[in-house]
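Asker: Next comes target.pdb, PDB, C-alpha atoms and all ligand atoms:
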```pdb
ATOM      1  CA  MET J   1    -136.806 127.533 204.995
ATOM      2  CA  ARG J   2    -137.411 123.975 203.839
ATOM      3  CA  GLN J   3    -135.983 120.811 205.291
ATOM      4  CA  ILE J   4    -133.347 119.348 202.985
ATOM      5  CA  ILE J   5    -132.512 115.693 203.279
ATOM      6  CA  ASN J   6    -129.045 114.952 201.995
ATOM      7  CA  ARG J   7    -128.576 111.923 199.825
ATOM      8  CA  ALA J   8    -125.444 109.935 199.006
ATOM      9  CA  GLU J   9    -122.271 111.910 198.470
ATOM     10  CA  PRO J  10    -121.335 112.376 194.807
ATOM     11  CA  MET J  11    -118.451 110.111 193.791
ATOM     12  CA  SER J  12    -116.308 112.996 192.584
ATOM     13  CA  PHE J  13    -116.373 114.431 196.140
ATOM     14  CA  VAL J  14    -115.558 111.049 197.714
ATOM     15  CA  PHE J  15    -112.637 110.556 195.301
ATOM     16  CA  TRP J  16    -111.304 114.061 195.890
ATOM     17  CA  LEU J  17    -111.312 113.480 199.657
ATOM     18  CA  LYS J  18    -109.518 110.165 199.246
ATOM     19  CA  LYS J  19    -106.844 111.698 197.063
ATOM     20  CA  ASN J  20    -106.450 114.900 199.090
ATOM     21  CA  LYS J  21    -106.051 114.102 202.738
ATOM     22  CA  ASN J  22    -105.473 116.896 205.272
ATOM     23  CA  LYS J  23    -106.260 119.603 202.750
ATOM     24  CA  GLU J  24    -107.948 122.905 203.430
ATOM     25  CA  TRP J  25    -111.246 124.124 202.028
ATOM     26  CA  SER J  26    -109.328 126.603 199.861
ATOM     27  CA  ASP J  27    -107.669 123.617 198.126
ATOM     28  CA  PHE J  28    -111.094 122.182 197.336
ATOM     29  CA  SER J  29    -112.803 125.444 196.372
ATOM     30  CA  GLY J  30    -112.443 125.967 192.631
ATOM     31  CA  SER J  31    -111.724 122.295 191.912
ATOM     32  CA  PHE J  32    -113.809 120.233 189.524
ATOM     33  CA  ALA J  33    -115.122 118.277 192.517
ATOM     34  CA  TYR J  34    -116.307 121.557 194.100
ATOM     35  CA  HIS J  35    -118.301 122.456 190.977
ATOM     36  CA  GLU J  36    -119.768 118.947 190.857
ATOM     37  CA  LEU J  37    -120.790 119.080 194.504
ATOM     38  CA  ARG J  38    -122.349 122.522 194.123
ATOM     39  CA  GLU J  39    -124.388 121.373 191.141
ATOM     40  CA  TYR J  40    -125.441 118.274 193.056
ATOM     41  CA  MET J  41    -126.588 120.252 196.110
ATOM     42  CA  ILE J  42    -128.514 122.708 193.936
ATOM     43  CA  THR J  43    -130.358 119.759 192.405
ATOM     44  CA  ILE J  44    -131.131 118.204 195.800
ATOM     45  CA  GLN J  45    -132.428 121.576 196.983
ATOM     46  CA  GLU J  46    -134.728 121.881 193.961
ATOM     47  CA  LYS J  47    -132.763 124.906 192.790
ATOM     48  CA  MET J  48    -133.473 126.970 195.905
ATOM     49  CA  CYS J  49    -131.129 128.596 198.419
ATOM     50  CA  CYS J  50    -131.006 126.436 201.567
ATOM     51  CA  TYR J  51    -131.905 129.451 203.742
ATOM     52  CA  CYS J  52    -134.005 132.026 201.870
ATOM     53  CA  GLU J  53    -135.426 129.782 199.075
ATOM     54  CA  ILE J  54    -134.565 132.228 196.322
ATOM     55  CA  SER J  55    -134.068 130.355 193.054
ATOM     56  CA  LEU J  56    -130.619 129.285 191.956
ATOM     57  CA  ASN J  57    -130.911 129.424 188.192
ATOM     58  CA  THR J  58    -127.257 128.874 187.423
ATOM     59  CA  ASN J  59    -124.497 127.210 189.427
ATOM     60  CA  LYS J  60    -122.710 130.540 189.773
ATOM     61  CA  GLU J  61    -125.656 131.908 191.759
ATOM     62  CA  ALA J  62    -124.705 129.616 194.661
ATOM     63  CA  HIS J  63    -121.759 128.811 196.893
ATOM     64  CA  LEU J  64    -121.184 125.801 199.086
ATOM     65  CA  GLU J  65    -122.122 126.758 202.603
ATOM     66  CA  HIS J  66    -121.237 125.169 205.947
ATOM     67  CA  LEU J  67    -124.028 125.022 208.534
ATOM     68  CA  LYS J  68    -121.347 124.698 211.188
ATOM     69  CA  SER J  69    -118.904 127.381 210.131
ATOM     70  CA  ARG J  70    -115.395 126.410 209.043
ATOM     71  CA  HIS J  71    -114.068 128.949 211.508
ATOM     72  CA  ASN J  72    -115.733 127.393 214.556
ATOM     73  CA  TYR J  73    -115.797 123.774 213.398
ATOM     74  CA  PRO J  74    -112.795 123.239 211.099
ATOM     75  CA  ILE J  75    -113.075 119.479 211.531
ATOM     76  CA  GLU J  76    -116.518 119.602 209.869
ATOM     77  CA  ARG J  77    -115.300 121.359 206.722
ATOM     78  CA  PHE J  78    -115.499 118.238 204.543
ATOM     79  CA  ASN J  79    -118.425 116.592 206.319
ATOM     80  CA  PHE J  80    -120.989 116.156 203.571
ATOM     81  CA  ASP J  81    -123.892 116.538 206.029
ATOM     82  CA  ASN J  82    -122.605 120.004 206.912
ATOM     83  CA  ILE J  83    -122.521 121.310 203.329
ATOM     84  CA  TYR J  84    -125.414 123.000 201.530
ATOM     85  CA  ALA J  85    -125.878 125.431 198.650
ATOM     86  CA  SER J  86    -126.647 129.040 199.576
ATOM     87  CA  CYS J  87    -127.269 132.100 197.407
ATOM     88  CA  GLN J  88    -124.552 134.662 196.676
ATOM     89  CA  PHE J  89    -126.283 137.732 198.135
ATOM     90  CA  ASN J  90    -124.246 139.556 200.752
ATOM     91  CA  ASP J  91    -127.217 141.029 202.628
ATOM     92  CA  SER J  92    -128.555 137.617 203.752
ATOM     93  CA  CYS J  93    -127.948 133.888 204.077
ATOM     94  CA  GLY J  94    -124.517 132.202 203.971
ATOM     95  CA  HIS J  95    -122.398 135.257 203.177
ATOM     96  CA  PHE J  96    -124.160 137.302 205.871
ATOM     97  CA  LYS J  97    -124.100 134.552 208.516
ATOM     98  CA  GLY J  98    -120.360 134.478 209.129
ATOM     99  CA  HIS J  99    -119.524 132.556 212.298
ATOM    100  CA  ALA J 100    -123.003 132.709 213.876
ATOM    101  CA  ASN J 101    -123.557 130.138 216.589
ATOM    102  CA  TYR J 102    -124.795 126.892 215.046
ATOM    103  CA  ASN J 103    -126.392 125.687 218.263
ATOM    104  CA  LYS J 104    -128.697 128.680 218.505
ATOM    105  CA  MET J 105    -130.194 128.403 215.030
ATOM    106  CA  VAL J 106    -132.867 126.456 213.171
ATOM    107  CA  LEU J 107    -131.205 125.069 210.069
ATOM    108  CA  PRO J 108    -132.290 123.209 206.924
ATOM    109  CA  ASP J 109    -131.019 119.850 208.183
ATOM    110  CA  SER J 110    -133.909 119.830 210.704
ATOM    111  CA  VAL J 111    -137.709 119.949 210.507
ATOM    112  CA  CYS J 112    -137.417 123.683 209.934
ATOM    113  CA  ASP J 113    -140.529 124.186 207.791
ATOM    114  CA  GLN J 114    -142.773 124.200 210.850
ATOM    115  CA  ARG J 115    -140.685 126.697 212.793
ATOM    116  CA  PHE J 116    -141.356 129.677 210.509
ATOM    117  CA  THR J 117    -144.342 131.391 208.958
ATOM    118  CA  TYR J 118    -144.941 134.724 207.206
ATOM    119  CA  THR J 119    -146.960 137.895 207.506
ATOM    120  CA  ASN J 120    -149.025 139.245 204.627
ATOM    121  CA  ASN J 121    -146.464 141.983 204.052
ATOM    122  CA  GLY J 122    -143.697 139.445 203.480
ATOM    123  CA  LEU J 123    -141.913 139.192 206.826
ATOM    124  CA  ILE J 124    -140.702 135.781 207.972
ATOM    125  CA  ILE J 125    -141.567 135.194 211.662
ATOM    126  CA  PRO J 126    -141.379 132.282 214.126
ATOM    127  CA  SER J 127    -144.470 130.019 214.009
ATOM    128  CA  VAL J 128    -144.522 130.138 217.808
ATOM    129  CA  SER J 129    -143.840 133.569 219.247
ATOM    130  CA  GLY J 130    -140.882 133.579 221.594
ATOM    131  CA  ASP J 131    -139.063 130.759 219.725
ATOM    132  CA  THR J 132    -135.621 132.181 220.409
ATOM    133  CA  ALA J 133    -133.796 129.830 218.014
ATOM    134  CA  ALA J 134    -136.121 130.849 215.172
ATOM    135  CA  ILE J 135    -135.706 134.557 216.054
ATOM    136  CA  ASN J 136    -131.940 134.138 216.208
ATOM    137  CA  THR J 137    -131.963 132.378 212.837
ATOM    138  CA  ILE J 138    -133.910 135.168 211.143
ATOM    139  CA  GLU J 139    -131.450 137.710 212.554
ATOM    140  CA  SER J 140    -128.283 135.700 211.898
ATOM    141  CA  LEU J 141    -129.266 135.117 208.260
ATOM    142  CA  ASN J 142    -130.924 138.557 207.891
ATOM    143  CA  LEU J 143    -133.972 136.873 206.362
ATOM    144  CA  ASN J 144    -136.036 140.031 206.757
ATOM    145  CA  CYS J 145    -133.774 142.247 204.659
ATOM    146  CA  LYS J 146    -135.746 144.595 202.418
ATOM    147  CA  ARG J 147    -134.972 142.633 199.248
ATOM    148  CA  LEU J 148    -136.367 139.345 200.611
ATOM    149  CA  LYS J 149    -139.325 140.957 202.380
ATOM    150  CA  ASN J 150    -140.391 142.751 199.192
ATOM    151  CA  ALA J 151    -139.970 139.633 197.034
ATOM    152  CA  ARG J 152    -142.176 137.634 199.426
ATOM    153  CA  GLN J 153    -144.767 140.387 199.637
ATOM    154  CA  ASP J 154    -145.065 140.445 195.836
ATOM    155  CA  ILE J 155    -145.649 136.685 195.727
ATOM    156  CA  ILE J 156    -148.226 136.761 198.530
ATOM    157  CA  ARG J 157    -150.166 139.492 196.757
ATOM    158  CA  ILE J 158    -150.147 137.613 193.464
ATOM    159  CA  ILE J 159    -151.356 134.385 195.121
ATOM    160  CA  GLU J 160    -154.092 136.261 196.976
ATOM    161  CA  ASP J 161    -155.284 137.742 193.690
ATOM    162  CA  ILE J 162    -155.337 134.363 191.946
ATOM    163  CA  ASN J 163    -157.680 132.741 194.503
ATOM    164  CA  ASP J 164    -157.563 129.381 192.680
ATOM    165  CA  THR J 165    -156.146 126.489 194.728
ATOM    166  CA  ALA J 166    -155.539 124.177 191.767
ATOM    167  CA  LEU J 167    -153.610 126.868 189.942
ATOM    168  CA  VAL J 168    -151.536 127.667 193.036
ATOM    169  CA  ASP J 169    -150.709 123.958 193.379
ATOM    170  CA  GLU J 170    -149.407 124.077 189.845
ATOM    171  CA  TYR J 171    -147.262 127.087 190.752
ATOM    172  CA  LEU J 172    -145.894 125.176 193.731
ATOM    173  CA  MET J 173    -144.830 122.383 191.376
ATOM    174  CA  ASN J 174    -143.026 124.896 189.186
ATOM    175  CA  CYS J 175    -142.169 127.583 191.678
ATOM    176  CA  VAL J 176    -138.515 127.903 190.673
ATOM    177  CA  GLU J 177    -139.420 128.797 187.119
ATOM    178  CA  TRP J 178    -142.382 130.900 188.128
ATOM    179  CA  VAL J 179    -141.401 133.236 190.942
ATOM    180  CA  ASN J 180    -137.779 132.632 191.736
ATOM    181  CA  GLY J 181    -138.331 129.920 194.324
ATOM    182  CA  PHE J 182    -139.928 130.761 197.702
ATOM    183  CA  TYR J 183    -141.782 127.470 198.028
ATOM    184  CA  THR J 184    -142.895 127.944 201.650
ATOM    185  CA  VAL J 185    -144.052 131.495 200.898
ATOM    186  CA  ILE J 186    -146.379 130.189 198.197
ATOM    187  CA  GLU J 187    -147.622 127.520 200.618
ATOM    188  CA  TYR J 188    -148.313 130.199 203.228
ATOM    189  CA  ALA J 189    -150.162 132.434 200.762
ATOM    190  CA  LYS J 190    -152.223 129.487 199.523
ATOM    191  CA  VAL J 191    -153.466 128.689 203.041
ATOM    192  CA  GLU J 192    -153.993 132.313 203.989
ATOM    193  CA  GLY J 193    -155.668 133.242 200.718
TER     194      GLY J 193
HETATM  195 ZN    ZN Q   1    -130.372 132.823 200.253
END
```
Using the file provided, produce a representation of the structure as structure tokens.
Ligand SMILES: [Zn+2]
Answerer:
Amino acid sequence: MRQIINRAEPMSFVFWLKKNKNKEWSDFSGSFAYHELREYMITIQEKMCCYCEISLNTNKEAHLEHLKSRHNYPIERFNFDNIYASCQFNDSCGHFKGHANYNKMVLPDSVCDQRFTYTNNGLIIPSVSGDTAAINTIESLNLNCKRLKNARQDIIRIIEDINDTALVDEYLMNCVEWVNGFYTVIEYAKVEG
């Protein structure tokens, strides 16, 4: 998980909110402003899911995700700082998370990069053992589902085989195109290799 620093809100979102006071998320979802905001967040996130870092090649591969769930924090539903782009897989990330407790998780609006590391067989683990928020995050987002674990393991093996730091740096620059995202996994494999 990489820290994502939100920038200014896109104007189409600001205008929609001005024109549509007291509306629900379902009124916004599907609107032109929704599509604009999703595209904008994907760009800010360098085309990676805010939780698992899988690449988001097309806009349809992502949905707008609330860090504080709409169910538990309805007042935060249109707070720009609470909205990120997550992948569409049901076995992890935003769709899996549901109403998990925001306060007990490490999320991409914080310095999250340092809280997680990996094992050589592709598991994501807390950097400091016993970090309950990191453990809870991995479980709440199901970041060790078989699909993600295997994808990470493949990348780590490839990087280990390359054994060329300059080349790996180049892959980091282009990681979305190269291996479907996973920036911090490549970083891990580079250091470990
Ligand atoms: Zn994801």
Asker: Could you list, as a ChimeraX atom specification, all protein and nucleic acid residues with an atom at most 10 Å from ligand ZN 1 (chain Q), counting all atoms listed in the file?
Answerer: /J:1,48-56,61-62,85-96,141-143,148
Asker: Next, dump the selected residues to file, keeping only C-alpha atoms, as a PDB file, keeping the file's coordinate frame.
Answerer:
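Generated output (part26.pdb):
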```pdb
ATOM      1  CA  MET J   1    -136.806 127.533 204.995  1.00  0.00           C
ATOM      2  CA  MET J  48    -133.473 126.970 195.905  1.00  0.00           C
ATOM      3  CA  CYS J  49    -131.129 128.596 198.419  1.00  0.00           C
ATOM      4  CA  CYS J  50    -131.006 126.436 201.567  1.00  0.00           C
ATOM      5  CA  TYR J  51    -131.905 129.451 203.742  1.00  0.00           C
ATOM      6  CA  CYS J  52    -134.005 132.026 201.870  1.00  0.00           C
ATOM      7  CA  GLU J  53    -135.426 129.782 199.075  1.00  0.00           C
ATOM      8  CA  ILE J  54    -134.565 132.228 196.322  1.00  0.00           C
ATOM      9  CA  SER J  55    -134.068 130.355 193.054  1.00  0.00           C
ATOM     10  CA  LEU J  56    -130.619 129.285 191.956  1.00  0.00           C
ATOM     11  CA  GLU J  61    -125.656 131.908 191.759  1.00  0.00           C
ATOM     12  CA  ALA J  62    -124.705 129.616 194.661  1.00  0.00           C
ATOM     13  CA  ALA J  85    -125.878 125.431 198.650  1.00  0.00           C
ATOM     14  CA  SER J  86    -126.647 129.040 199.576  1.00  0.00           C
ATOM     15  CA  CYS J  87    -127.269 132.100 197.407  1.00  0.00           C
ATOM     16  CA  GLN J  88    -124.552 134.662 196.676  1.00  0.00           C
ATOM     17  CA  PHE J  89    -126.283 137.732 198.135  1.00  0.00           C
ATOM     18  CA  ASN J  90    -124.246 139.556 200.752  1.00  0.00           C
ATOM     19  CA  ASP J  91    -127.217 141.029 202.628  1.00  0.00           C
ATOM     20  CA  SER J  92    -128.555 137.617 203.752  1.00  0.00           C
ATOM     21  CA  CYS J  93    -127.948 133.888 204.077  1.00  0.00           C
ATOM     22  CA  GLY J  94    -124.517 132.202 203.971  1.00  0.00           C
ATOM     23  CA  HIS J  95    -122.398 135.257 203.177  1.00  0.00           C
ATOM     24  CA  PHE J  96    -124.160 137.302 205.871  1.00  0.00           C
ATOM     25  CA  LEU J 141    -129.266 135.117 208.260  1.00  0.00           C
ATOM     26  CA  ASN J 142    -130.924 138.557 207.891  1.00  0.00           C
ATOM     27  CA  LEU J 143    -133.972 136.873 206.362  1.00  0.00           C
ATOM     28  CA  LEU J 148    -136.367 139.345 200.611  1.00  0.00           C
TER      29      LEU J 148
END
```
Asker: Which one of J:Val168, J:Arg77, J:Met105, J:Ile159 sits closest to Asp27 (chain J) if you count only C-alpha atoms?
Answerer: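 Residue with the minimum atom-to-atom distance to Asp27 (chain J): J:Arg77.
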Asker: From the set J:Val106, J:Ile44, J:Ala33, J:Ile162, which residue has the shortest atom-to-atom contact distance to Lys68 (chain J), counting all atoms listed in the file?
Answerer: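 The shortest atom-to-atom distance to Lys68 (chain J) comes from J:Val106.
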Asker: Ranking J:Phe32, J:Ser69, J:Asn79, J:Trp25 by minimum distance to Asn6 (chain J) and counting all atoms listed in the file, which one comes first?
Answerer: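 Under the stated criterion, the closest residue is J:Asn79.
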Asker: Got a sec: who's within 12 Å of Asn82 (chain J), counting all atoms listed in the file, leaving out chain neighbours fewer than 5 positions off, as an NGL selection string?
Answerer: :J and (4-6 or 9 or 41 or 50 or 64-70 or 73-77 or 102 or 107-110)
